[in-house]
Amino acid sequence: SAAEWQRRRAAAPGRPPTPARRRGSRHNHLSAPRQPLQPTMGVRGEIDKSGWHLIKPSRKESKYYQMNLSFMEMESLVDVEKAVFLCHPPAGANAPQEPGPRKLKHSSIRLNNNSIVELCGEGANVVDEQGVDLGPPPSLEMALSHVVADLSMIRWIDLSFNNIRVFGDCFKCMPSLQVLNLQANRISDLKQVKRLGELPKLKKLSLFGNPIEEKKHYRSYVITVCPLVGQLDFSVVTNQERDTAAGWAFTFRRKLNPEEKGEK
């Protein structure tokens with residue numbers, strides 16, 4: 001019988017006794033309590049498939065969080081310190097109660113959806129709400145150096161949906177920059193893009209929504225002057241596009257390099 005078989009099995013050497021089956025029970029043994037799922041955190045600097053949103057790092061690496069200064073109605077970079085004070089208030093008993101210089105360790109900066117015009121520190125003087133002349137607007141390098149500890153750590157910056165016309169060499173201070181978003185601005189001079197090709201680690205670039213997008217051979221020009229960019233305007237640069245850009249660059253090599261014509 002079944003009872004006799006259970007008794008002999010329990011008496012066998014080297015085998016633990018089998019617990020008796022409970023009548024009406026759905027399980028034959030007590031299962032271990034289920035452990036709660038642990039949230040999976042991204043690694044530092046990891047970027048999702050869209051390329052424009054930094055995955056939140058682990059708590060141990062909280063110093064690399066994203067600095068979000070979007071939708072702050074900034075018309076000039078002179079307001080960066082105030083925006084950082086409001087969005088990232090200092091903590092602690094002796095924390096300052098007014099905006100001022102900070103040394104935050106962020107690798108991602110969001111300045112999108114503002115009204116920023118000037119990035120090179122040029123243009124008309126800035127006047128505050130009380131009518132006080134604050135002098136010329138600060139450059140991007142100067143403004144960020146007051147709130148970021150190390151500009152060479154910045155790898156992702158979003159300046160979309162502003163009123164930027166000229167950016168010049170303002171990104172040279174960020175040698176680790178990998179993702180740059182300049183969409184929906186007022187950039188009309190296509191030759192400015194050539195300076196972005198000097199960034200050694202730039203991989204993803206967005207310029208659509210600017211007047212330069214309507215220029216003839218826009219995509220071929222950008223691919224030529226920024227050969228390291230693998231994603232342009234949220235679209236992967238294919239090998240066929242690179243071949244087309246290479247042929248276009250050979251045809252218009254004199255316009256691309258006017259200094260060579262002067263030497264000859």
# chains A, B, ... in the order shown; residues from 1 in each chain; ligands from 1
$ select_by_dssp --residues "region 101-213 of chain A" --states "helix (DSSP H, G or I)" --output "list in words"
Leu140, Glu141, Met142, Ala143, Leu144, Ser145, Leu151, Ser152, Met153, Leu190, Lys191, Gln192, Val193, Lys194, Arg195, Leu196, Gly197, Glu198, Pro211, Ile212 and Glu213 of chain A
$ write_last_selection --atoms "N, CA, C and O atoms" --output "short mmCIF file (atom, residue, chain, number, x, y, z; two decimals), in the first residue's frame"
data_model
loop_
_atom_site.label_atom_id
_atom_site.label_comp_id
_atom_site.auth_asym_id
_atom_site.auth_seq_id
_atom_site.Cartn_x
_atom_site.Cartn_y
_atom_site.Cartn_z
N LEU A 140 28.82 79.92 -22.84
CA LEU A 140 28.40 78.64 -22.29
C LEU A 140 29.46 78.06 -21.36
O LEU A 140 29.14 77.51 -20.30
N GLU A 141 30.72 78.19 -21.75
CA GLU A 141 31.81 77.68 -20.91
C GLU A 141 31.85 78.40 -19.57
O GLU A 141 31.99 77.76 -18.51
N MET A 142 31.72 79.71 -19.58
CA MET A 142 31.79 80.47 -18.33
C MET A 142 30.60 80.15 -17.43
O MET A 142 30.74 79.99 -16.21
N ALA A 143 29.40 80.08 -18.02
CA ALA A 143 28.20 79.83 -17.22
C ALA A 143 28.23 78.46 -16.57
O ALA A 143 27.91 78.31 -15.39
N LEU A 144 28.63 77.44 -17.32
CA LEU A 144 28.65 76.08 -16.77
C LEU A 144 29.81 75.88 -15.80
O LEU A 144 29.71 75.08 -14.88
N SER A 145 30.91 76.60 -16.00
CA SER A 145 32.05 76.43 -15.09
C SER A 145 31.73 76.93 -13.69
O SER A 145 32.42 76.55 -12.73
N LEU A 151 34.11 70.41 -16.61
CA LEU A 151 33.43 70.44 -17.91
C LEU A 151 33.84 69.29 -18.80
O LEU A 151 33.10 68.91 -19.70
N SER A 152 35.03 68.73 -18.57
CA SER A 152 35.48 67.61 -19.39
C SER A 152 34.68 66.34 -19.13
O SER A 152 34.82 65.37 -19.88
N MET A 153 33.85 66.33 -18.08
CA MET A 153 33.02 65.16 -17.77
C MET A 153 31.67 65.20 -18.47
O MET A 153 30.94 64.21 -18.47
N LEU A 190 25.57 77.11 -42.34
CA LEU A 190 25.96 75.71 -42.38
C LEU A 190 27.43 75.51 -42.06
O LEU A 190 27.84 74.44 -41.61
N LYS A 191 28.26 76.54 -42.27
CA LYS A 191 29.69 76.40 -42.03
C LYS A 191 30.02 76.23 -40.55
O LYS A 191 31.11 75.74 -40.22
N GLN A 192 29.11 76.61 -39.68
CA GLN A 192 29.36 76.44 -38.25
C GLN A 192 29.49 74.97 -37.86
O GLN A 192 30.20 74.62 -36.92
N VAL A 193 28.78 74.11 -38.59
CA VAL A 193 28.78 72.68 -38.26
C VAL A 193 30.17 72.09 -38.38
O VAL A 193 30.50 71.10 -37.73
N LYS A 194 31.00 72.69 -39.20
CA LYS A 194 32.35 72.18 -39.40
C LYS A 194 33.14 72.17 -38.11
O LYS A 194 34.01 71.31 -37.91
N ARG A 195 32.84 73.08 -37.21
CA ARG A 195 33.55 73.13 -35.93
C ARG A 195 33.16 71.97 -35.02
O ARG A 195 33.92 71.58 -34.14
N LEU A 196 31.97 71.41 -35.24
CA LEU A 196 31.56 70.26 -34.43
C LEU A 196 32.36 69.01 -34.79
O LEU A 196 32.45 68.08 -34.00
N GLY A 197 32.93 69.00 -35.99
CA GLY A 197 33.76 67.86 -36.39
C GLY A 197 35.05 67.77 -35.61
O GLY A 197 35.73 66.74 -35.66
N GLU A 198 35.41 68.82 -34.87
CA GLU A 198 36.62 68.80 -34.06
C GLU A 198 36.42 68.12 -32.70
O GLU A 198 37.38 67.90 -31.98
N PRO A 211 17.08 76.47 -39.82
CA PRO A 211 17.09 76.87 -41.24
C PRO A 211 18.12 76.12 -42.08
O PRO A 211 17.92 75.97 -43.29
N ILE A 212 19.22 75.66 -41.47
CA ILE A 212 20.24 74.97 -42.27
C ILE A 212 19.72 73.65 -42.82
O ILE A 212 20.28 73.12 -43.79
N GLU A 213 18.66 73.12 -42.25
CA GLU A 213 18.11 71.86 -42.75
C GLU A 213 17.58 72.00 -44.17
O GLU A 213 17.51 71.01 -44.92
#
$ closest_atom_pairs --of "region 63-109 of chain A" --to "region 161-172 of chain A" --cutoff "12 Å" --atoms "only C-alpha atoms" --output "CSV"
residue,atom,partner,partner_atom,distance
A:Ser70,CA,A:Phe161,CA,9.8
A:Phe71,CA,A:Phe161,CA,9.9
A:Met72,CA,A:Asn162,CA,11.5
A:Glu73,CA,A:Asn162,CA,9.9
A:Met74,CA,A:Asn162,CA,9.4
A:Glu75,CA,A:Asn163,CA,8.8
A:Ser76,CA,A:Asn163,CA,10.3
A:Leu77,CA,A:Ile164,CA,11.7
$ select_by_dssp --residues "region 139-209 of chain A" --states "strand (DSSP E or B)" --output "PyMOL selection string"
chain A and resi 139+148+156-158+179-181+204-206
$ write_last_selection --atoms "all heavy atoms" --output "JSON list (two decimals), in the first residue's frame"
[["chain", "number", "residue", "atom", "x", "y", "z"],
["A", 139, "SER", "N", 29.46, 83.34, -21.74],
["A", 139, "SER", "CA", 29.51, 82.23, -22.70],
["A", 139, "SER", "C", 29.05, 80.95, -22.03],
["A", 139, "SER", "O", 28.92, 80.86, -20.80],
["A", 139, "SER", "CB", 30.93, 82.08, -23.23],
["A", 139, "SER", "OG", 31.82, 81.73, -22.17],
["A", 148, "VAL", "N", 29.34, 73.56, -12.59],
["A", 148, "VAL", "CA", 29.82, 72.19, -12.84],
["A", 148, "VAL", "C", 31.28, 72.11, -12.45],
["A", 148, "VAL", "O", 32.08, 72.99, -12.80],
["A", 148, "VAL", "CB", 29.62, 71.79, -14.32],
["A", 148, "VAL", "CG1", 30.14, 70.37, -14.56],
["A", 148, "VAL", "CG2", 28.14, 71.89, -14.70],
["A", 156, "TRP", "N", 26.70, 64.77, -22.48],
["A", 156, "TRP", "CA", 25.35, 64.86, -23.06],
["A", 156, "TRP", "C", 24.80, 66.24, -22.75],
["A", 156, "TRP", "O", 24.77, 66.65, -21.59],
["A", 156, "TRP", "CB", 24.48, 63.78, -22.42],
["A", 156, "TRP", "CG", 23.10, 63.59, -22.93],
["A", 156, "TRP", "CD1", 22.69, 62.69, -23.86],
["A", 156, "TRP", "CD2", 21.92, 64.29, -22.51],
["A", 156, "TRP", "NE1", 21.32, 62.79, -24.04],
["A", 156, "TRP", "CE2", 20.83, 63.77, -23.22],
["A", 156, "TRP", "CE3", 21.69, 65.31, -21.60],
["A", 156, "TRP", "CZ2", 19.53, 64.22, -23.06],
["A", 156, "TRP", "CZ3", 20.39, 65.79, -21.43],
["A", 156, "TRP", "CH2", 19.33, 65.23, -22.16],
["A", 157, "ILE", "N", 24.41, 66.98, -23.77],
["A", 157, "ILE", "CA", 23.86, 68.32, -23.55],
["A", 157, "ILE", "C", 22.72, 68.56, -24.54],
["A", 157, "ILE", "O", 22.82, 68.22, -25.73],
["A", 157, "ILE", "CB", 24.95, 69.41, -23.68],
["A", 157, "ILE", "CG1", 24.38, 70.77, -23.28],
["A", 157, "ILE", "CG2", 25.56, 69.44, -25.06],
["A", 157, "ILE", "CD1", 25.44, 71.83, -23.07],
["A", 158, "ASP", "N", 21.63, 69.10, -24.03],
["A", 158, "ASP", "CA", 20.43, 69.35, -24.82],
["A", 158, "ASP", "C", 20.15, 70.85, -24.81],
["A", 158, "ASP", "O", 19.86, 71.43, -23.77],
["A", 158, "ASP", "CB", 19.25, 68.58, -24.23],
["A", 158, "ASP", "CG", 18.01, 68.65, -25.11],
["A", 158, "ASP", "OD1", 18.03, 69.41, -26.10],
["A", 158, "ASP", "OD2", 17.02, 67.95, -24.82],
["A", 179, "VAL", "N", 26.79, 63.32, -27.12],
["A", 179, "VAL", "CA", 25.45, 63.57, -27.66],
["A", 179, "VAL", "C", 25.17, 65.06, -27.57],
["A", 179, "VAL", "O", 25.29, 65.66, -26.50],
["A", 179, "VAL", "CB", 24.38, 62.78, -26.87],
["A", 179, "VAL", "CG1", 23.00, 63.04, -27.44],
["A", 179, "VAL", "CG2", 24.70, 61.29, -26.89],
["A", 180, "LEU", "N", 24.80, 65.65, -28.70],
["A", 180, "LEU", "CA", 24.52, 67.10, -28.77],
["A", 180, "LEU", "C", 23.21, 67.30, -29.49],
["A", 180, "LEU", "O", 23.03, 66.86, -30.63],
["A", 180, "LEU", "CB", 25.66, 67.83, -29.49],
["A", 180, "LEU", "CG", 25.46, 69.33, -29.73],
["A", 180, "LEU", "CD1", 25.28, 70.07, -28.41],
["A", 180, "LEU", "CD2", 26.63, 69.91, -30.51],
["A", 181, "ASN", "N", 22.28, 67.98, -28.84],
["A", 181, "ASN", "CA", 20.96, 68.24, -29.40],
["A", 181, "ASN", "C", 20.78, 69.74, -29.58],
["A", 181, "ASN", "O", 20.69, 70.47, -28.59],
["A", 181, "ASN", "CB", 19.87, 67.68, -28.48],
["A", 181, "ASN", "CG", 18.51, 67.69, -29.14],
["A", 181, "ASN", "OD1", 18.33, 68.23, -30.22],
["A", 181, "ASN", "ND2", 17.52, 67.11, -28.49],
["A", 204, "LYS", "N", 26.33, 61.41, -31.63],
["A", 204, "LYS", "CA", 24.93, 61.65, -31.98],
["A", 204, "LYS", "C", 24.70, 63.16, -32.02],
["A", 204, "LYS", "O", 25.00, 63.86, -31.06],
["A", 204, "LYS", "CB", 23.99, 60.98, -30.98],
["A", 204, "LYS", "CG", 24.15, 59.46, -30.96],
["A", 204, "LYS", "CD", 23.18, 58.80, -30.00],
["A", 204, "LYS", "CE", 23.39, 57.28, -30.01],
["A", 204, "LYS", "NZ", 22.44, 56.60, -29.11],
["A", 205, "LEU", "N", 24.14, 63.61, -33.13],
["A", 205, "LEU", "CA", 23.95, 65.04, -33.37],
["A", 205, "LEU", "C", 22.56, 65.27, -33.94],
["A", 205, "LEU", "O", 22.10, 64.51, -34.80],
["A", 205, "LEU", "CB", 25.02, 65.56, -34.33],
["A", 205, "LEU", "CG", 24.91, 67.01, -34.78],
["A", 205, "LEU", "CD1", 25.08, 67.96, -33.61],
["A", 205, "LEU", "CD2", 25.95, 67.30, -35.87],
["A", 206, "SER", "N", 21.88, 66.29, -33.44],
["A", 206, "SER", "CA", 20.56, 66.65, -33.95],
["A", 206, "SER", "C", 20.54, 68.13, -34.30],
["A", 206, "SER", "O", 20.80, 68.98, -33.45],
["A", 206, "SER", "CB", 19.48, 66.33, -32.90],
["A", 206, "SER", "OG", 18.21, 66.73, -33.38]]
$ residues_around --residues "Val229 (chain A)" --least-positions-apart "2" --cutoff "10 Å" --atoms "only C-alpha atoms" --output "list in words"
Gln178, Val179, Leu196, Gly197, Leu199, Pro200, Lys201, Leu202, Lys203, Lys204, Leu205, Val222, Ile223, Thr224, Val225, Cys226, Pro227, Gln231, Leu232, Val236 and Val237 of chain A
$ write_last_selection --atoms "all heavy atoms" --output "short mmCIF file (atom, residue, chain, number, x, y, z; two decimals), in the first residue's frame"
data_model
loop_
_atom_site.label_atom_id
_atom_site.label_comp_id
_atom_site.auth_asym_id
_atom_site.auth_seq_id
_atom_site.Cartn_x
_atom_site.Cartn_y
_atom_site.Cartn_z
N GLN A 178 29.43 63.43 -26.22
CA GLN A 178 29.03 62.36 -27.13
C GLN A 178 27.70 62.63 -27.81
O GLN A 178 27.49 62.20 -28.94
CB GLN A 178 28.94 61.04 -26.37
CG GLN A 178 30.25 60.58 -25.76
CD GLN A 178 30.11 59.28 -25.01
OE1 GLN A 178 29.10 58.59 -25.12
NE2 GLN A 178 31.11 58.94 -24.22
N VAL A 179 26.79 63.32 -27.12
CA VAL A 179 25.45 63.57 -27.66
C VAL A 179 25.17 65.06 -27.57
O VAL A 179 25.29 65.66 -26.50
CB VAL A 179 24.38 62.78 -26.87
CG1 VAL A 179 23.00 63.04 -27.44
CG2 VAL A 179 24.70 61.29 -26.89
N LEU A 196 31.97 71.41 -35.24
CA LEU A 196 31.56 70.26 -34.43
C LEU A 196 32.36 69.01 -34.79
O LEU A 196 32.45 68.08 -34.00
CB LEU A 196 30.07 69.99 -34.61
CG LEU A 196 29.12 71.12 -34.19
CD1 LEU A 196 27.68 70.72 -34.45
CD2 LEU A 196 29.33 71.48 -32.74
N GLY A 197 32.93 69.00 -35.99
CA GLY A 197 33.76 67.86 -36.39
C GLY A 197 35.05 67.77 -35.61
O GLY A 197 35.73 66.74 -35.66
N LEU A 199 35.16 67.81 -32.36
CA LEU A 199 34.88 67.12 -31.10
C LEU A 199 35.25 65.64 -31.26
O LEU A 199 34.68 64.95 -32.10
CB LEU A 199 33.41 67.26 -30.72
CG LEU A 199 32.93 68.70 -30.49
CD1 LEU A 199 31.43 68.73 -30.24
CD2 LEU A 199 33.68 69.35 -29.35
N PRO A 200 36.18 65.13 -30.47
CA PRO A 200 36.73 63.80 -30.73
C PRO A 200 35.79 62.64 -30.42
O PRO A 200 36.01 61.52 -30.91
CB PRO A 200 37.97 63.74 -29.82
CG PRO A 200 37.66 64.68 -28.70
CD PRO A 200 36.82 65.78 -29.30
N LYS A 201 34.73 62.87 -29.61
CA LYS A 201 33.87 61.76 -29.20
C LYS A 201 32.41 61.96 -29.56
O LYS A 201 31.56 61.20 -29.09
CB LYS A 201 34.00 61.54 -27.68
CG LYS A 201 35.38 61.12 -27.23
CD LYS A 201 35.42 60.80 -25.75
CE LYS A 201 36.80 60.35 -25.32
NZ LYS A 201 36.85 60.03 -23.86
N LEU A 202 32.10 62.93 -30.39
CA LEU A 202 30.71 63.20 -30.75
C LEU A 202 30.16 62.06 -31.62
O LEU A 202 30.71 61.75 -32.68
CB LEU A 202 30.61 64.52 -31.50
CG LEU A 202 29.19 65.00 -31.81
CD1 LEU A 202 28.42 65.26 -30.53
CD2 LEU A 202 29.23 66.26 -32.67
N LYS A 203 29.07 61.44 -31.15
CA LYS A 203 28.48 60.30 -31.85
C LYS A 203 27.06 60.56 -32.34
O LYS A 203 26.65 60.00 -33.34
CB LYS A 203 28.47 59.07 -30.94
CG LYS A 203 29.85 58.60 -30.51
CD LYS A 203 29.75 57.40 -29.58
CE LYS A 203 31.13 56.93 -29.14
NZ LYS A 203 31.05 55.76 -28.21
N LYS A 204 26.33 61.41 -31.63
CA LYS A 204 24.93 61.65 -31.98
C LYS A 204 24.70 63.16 -32.02
O LYS A 204 25.00 63.86 -31.06
CB LYS A 204 23.99 60.98 -30.98
CG LYS A 204 24.15 59.46 -30.96
CD LYS A 204 23.18 58.80 -30.00
CE LYS A 204 23.39 57.28 -30.01
NZ LYS A 204 22.44 56.60 -29.11
N LEU A 205 24.14 63.61 -33.13
CA LEU A 205 23.95 65.04 -33.37
C LEU A 205 22.56 65.27 -33.94
O LEU A 205 22.10 64.51 -34.80
CB LEU A 205 25.02 65.56 -34.33
CG LEU A 205 24.91 67.01 -34.78
CD1 LEU A 205 25.08 67.96 -33.61
CD2 LEU A 205 25.95 67.30 -35.87
N VAL A 222 27.03 67.59 -43.47
CA VAL A 222 27.24 67.28 -42.06
C VAL A 222 28.00 65.96 -41.92
O VAL A 222 28.90 65.84 -41.08
CB VAL A 222 25.89 67.23 -41.32
CG1 VAL A 222 26.10 66.84 -39.86
CG2 VAL A 222 25.19 68.58 -41.40
N ILE A 223 27.65 64.97 -42.71
CA ILE A 223 28.34 63.68 -42.64
C ILE A 223 29.81 63.83 -43.02
O ILE A 223 30.69 63.17 -42.46
CB ILE A 223 27.64 62.64 -43.54
CG1 ILE A 223 26.24 62.35 -43.00
CG2 ILE A 223 28.45 61.36 -43.63
CD1 ILE A 223 25.41 61.46 -43.89
N THR A 224 30.10 64.75 -43.94
CA THR A 224 31.48 64.95 -44.38
C THR A 224 32.31 65.64 -43.32
O THR A 224 33.44 65.22 -43.02
CB THR A 224 31.49 65.76 -45.68
OG1 THR A 224 30.77 65.06 -46.69
CG2 THR A 224 32.92 65.99 -46.15
N VAL A 225 31.79 66.71 -42.73
CA VAL A 225 32.58 67.49 -41.78
C VAL A 225 32.57 66.88 -40.38
O VAL A 225 33.41 67.22 -39.55
CB VAL A 225 32.08 68.94 -41.72
CG1 VAL A 225 32.23 69.61 -43.09
CG2 VAL A 225 30.64 69.02 -41.25
N CYS A 226 31.62 65.98 -40.11
CA CYS A 226 31.55 65.28 -38.81
C CYS A 226 31.59 63.78 -39.06
O CYS A 226 30.57 63.09 -38.91
CB CYS A 226 30.29 65.67 -38.04
SG CYS A 226 30.13 67.43 -37.69
N PRO A 227 32.74 63.25 -39.45
CA PRO A 227 32.80 61.83 -39.85
C PRO A 227 32.58 60.86 -38.70
O PRO A 227 32.27 59.69 -38.95
CB PRO A 227 34.22 61.70 -40.42
CG PRO A 227 35.00 62.79 -39.75
CD PRO A 227 34.04 63.92 -39.56
N GLN A 231 24.86 58.95 -35.74
CA GLN A 231 23.41 59.18 -35.76
C GLN A 231 23.16 60.66 -35.95
O GLN A 231 23.56 61.47 -35.11
CB GLN A 231 22.76 58.68 -34.47
CG GLN A 231 21.25 58.90 -34.42
CD GLN A 231 20.63 58.32 -33.17
OE1 GLN A 231 20.81 57.16 -32.84
NE2 GLN A 231 19.87 59.13 -32.44
N LEU A 232 22.50 61.01 -37.04
CA LEU A 232 22.22 62.40 -37.36
C LEU A 232 20.72 62.60 -37.45
O LEU A 232 20.04 61.89 -38.22
CB LEU A 232 22.89 62.77 -38.69
CG LEU A 232 22.62 64.17 -39.23
CD1 LEU A 232 23.09 65.24 -38.26
CD2 LEU A 232 23.28 64.37 -40.60
N VAL A 236 20.18 56.80 -38.20
CA VAL A 236 21.51 56.21 -38.28
C VAL A 236 22.14 56.53 -39.63
O VAL A 236 21.49 56.43 -40.67
CB VAL A 236 21.43 54.69 -38.07
CG1 VAL A 236 22.81 54.05 -38.24
CG2 VAL A 236 20.88 54.37 -36.68
N VAL A 237 23.39 56.92 -39.60
CA VAL A 237 24.13 57.19 -40.84
C VAL A 237 24.57 55.87 -41.45
O VAL A 237 25.35 55.13 -40.86
CB VAL A 237 25.34 58.10 -40.55
CG1 VAL A 237 26.12 58.36 -41.84
CG2 VAL A 237 24.90 59.41 -39.92
#
$ residues_around --residues "Val126 (chain A)" --least-positions-apart "3" --cutoff "8 Å" --atoms "only C-alpha atoms" --output "PDB file with N, CA and C atoms, in the first residue's frame"
ATOM      1  N   SER A  76      18.988  84.267 -21.083  1.00  0.00           N
ATOM      2  CA  SER A  76      20.440  84.379 -21.128  1.00  0.00           C
ATOM      3  C   SER A  76      21.045  83.385 -20.156  1.00  0.00           C
ATOM      4  N   ASP A 133      22.036  97.030 -15.461  1.00  0.00           N
ATOM      5  CA  ASP A 133      22.855  96.480 -16.544  1.00  0.00           C
ATOM      6  C   ASP A 133      23.831  95.463 -15.965  1.00  0.00           C
ATOM      7  N   LEU A 134      23.729  94.194 -16.413  1.00  0.00           N
ATOM      8  CA  LEU A 134      24.583  93.120 -15.915  1.00  0.00           C
ATOM      9  C   LEU A 134      25.776  92.847 -16.813  1.00  0.00           C
ATOM     10  N   GLY A 135      25.949  93.646 -17.849  1.00  0.00           N
ATOM     11  CA  GLY A 135      27.076  93.448 -18.741  1.00  0.00           C
ATOM     12  C   GLY A 135      26.761  92.448 -19.840  1.00  0.00           C
ATOM     13  N   PRO A 136      27.758  92.098 -20.630  1.00  0.00           N
ATOM     14  CA  PRO A 136      27.521  91.156 -21.732  1.00  0.00           C
ATOM     15  C   PRO A 136      27.141  89.777 -21.205  1.00  0.00           C
ATOM     16  N   PRO A 137      26.399  89.003 -21.977  1.00  0.00           N
ATOM     17  CA  PRO A 137      25.992  87.666 -21.520  1.00  0.00           C
ATOM     18  C   PRO A 137      27.197  86.735 -21.424  1.00  0.00           C
TER      19      PRO A 137
END
$ atom_distance --atom1 "CA of His88 (chain A)" --atom2 "CA of Met67 (chain A)"
7.9 Å
$ atom_distance --atom1 "CA of Ala83 (chain A)" --atom2 "CA of Leu182 (chain A)"
20.2 Å
$ closest_residue --among "A:Arg102, A:Arg242, A:Arg186, A:Lys82" --to "Glu118 (chain A)" --atoms "only C-alpha atoms"
A:Arg186
$ closest_residue --among "A:Glu98, A:Glu4, A:Asp233, A:Asp150" --to "Glu81 (chain A)" --atoms "only C-alpha atoms"
A:Glu98
$ atom_distance --atom1 "CA of Ile154 (chain A)" --atom2 "CA of Leu86 (chain A)"
20.9 Å
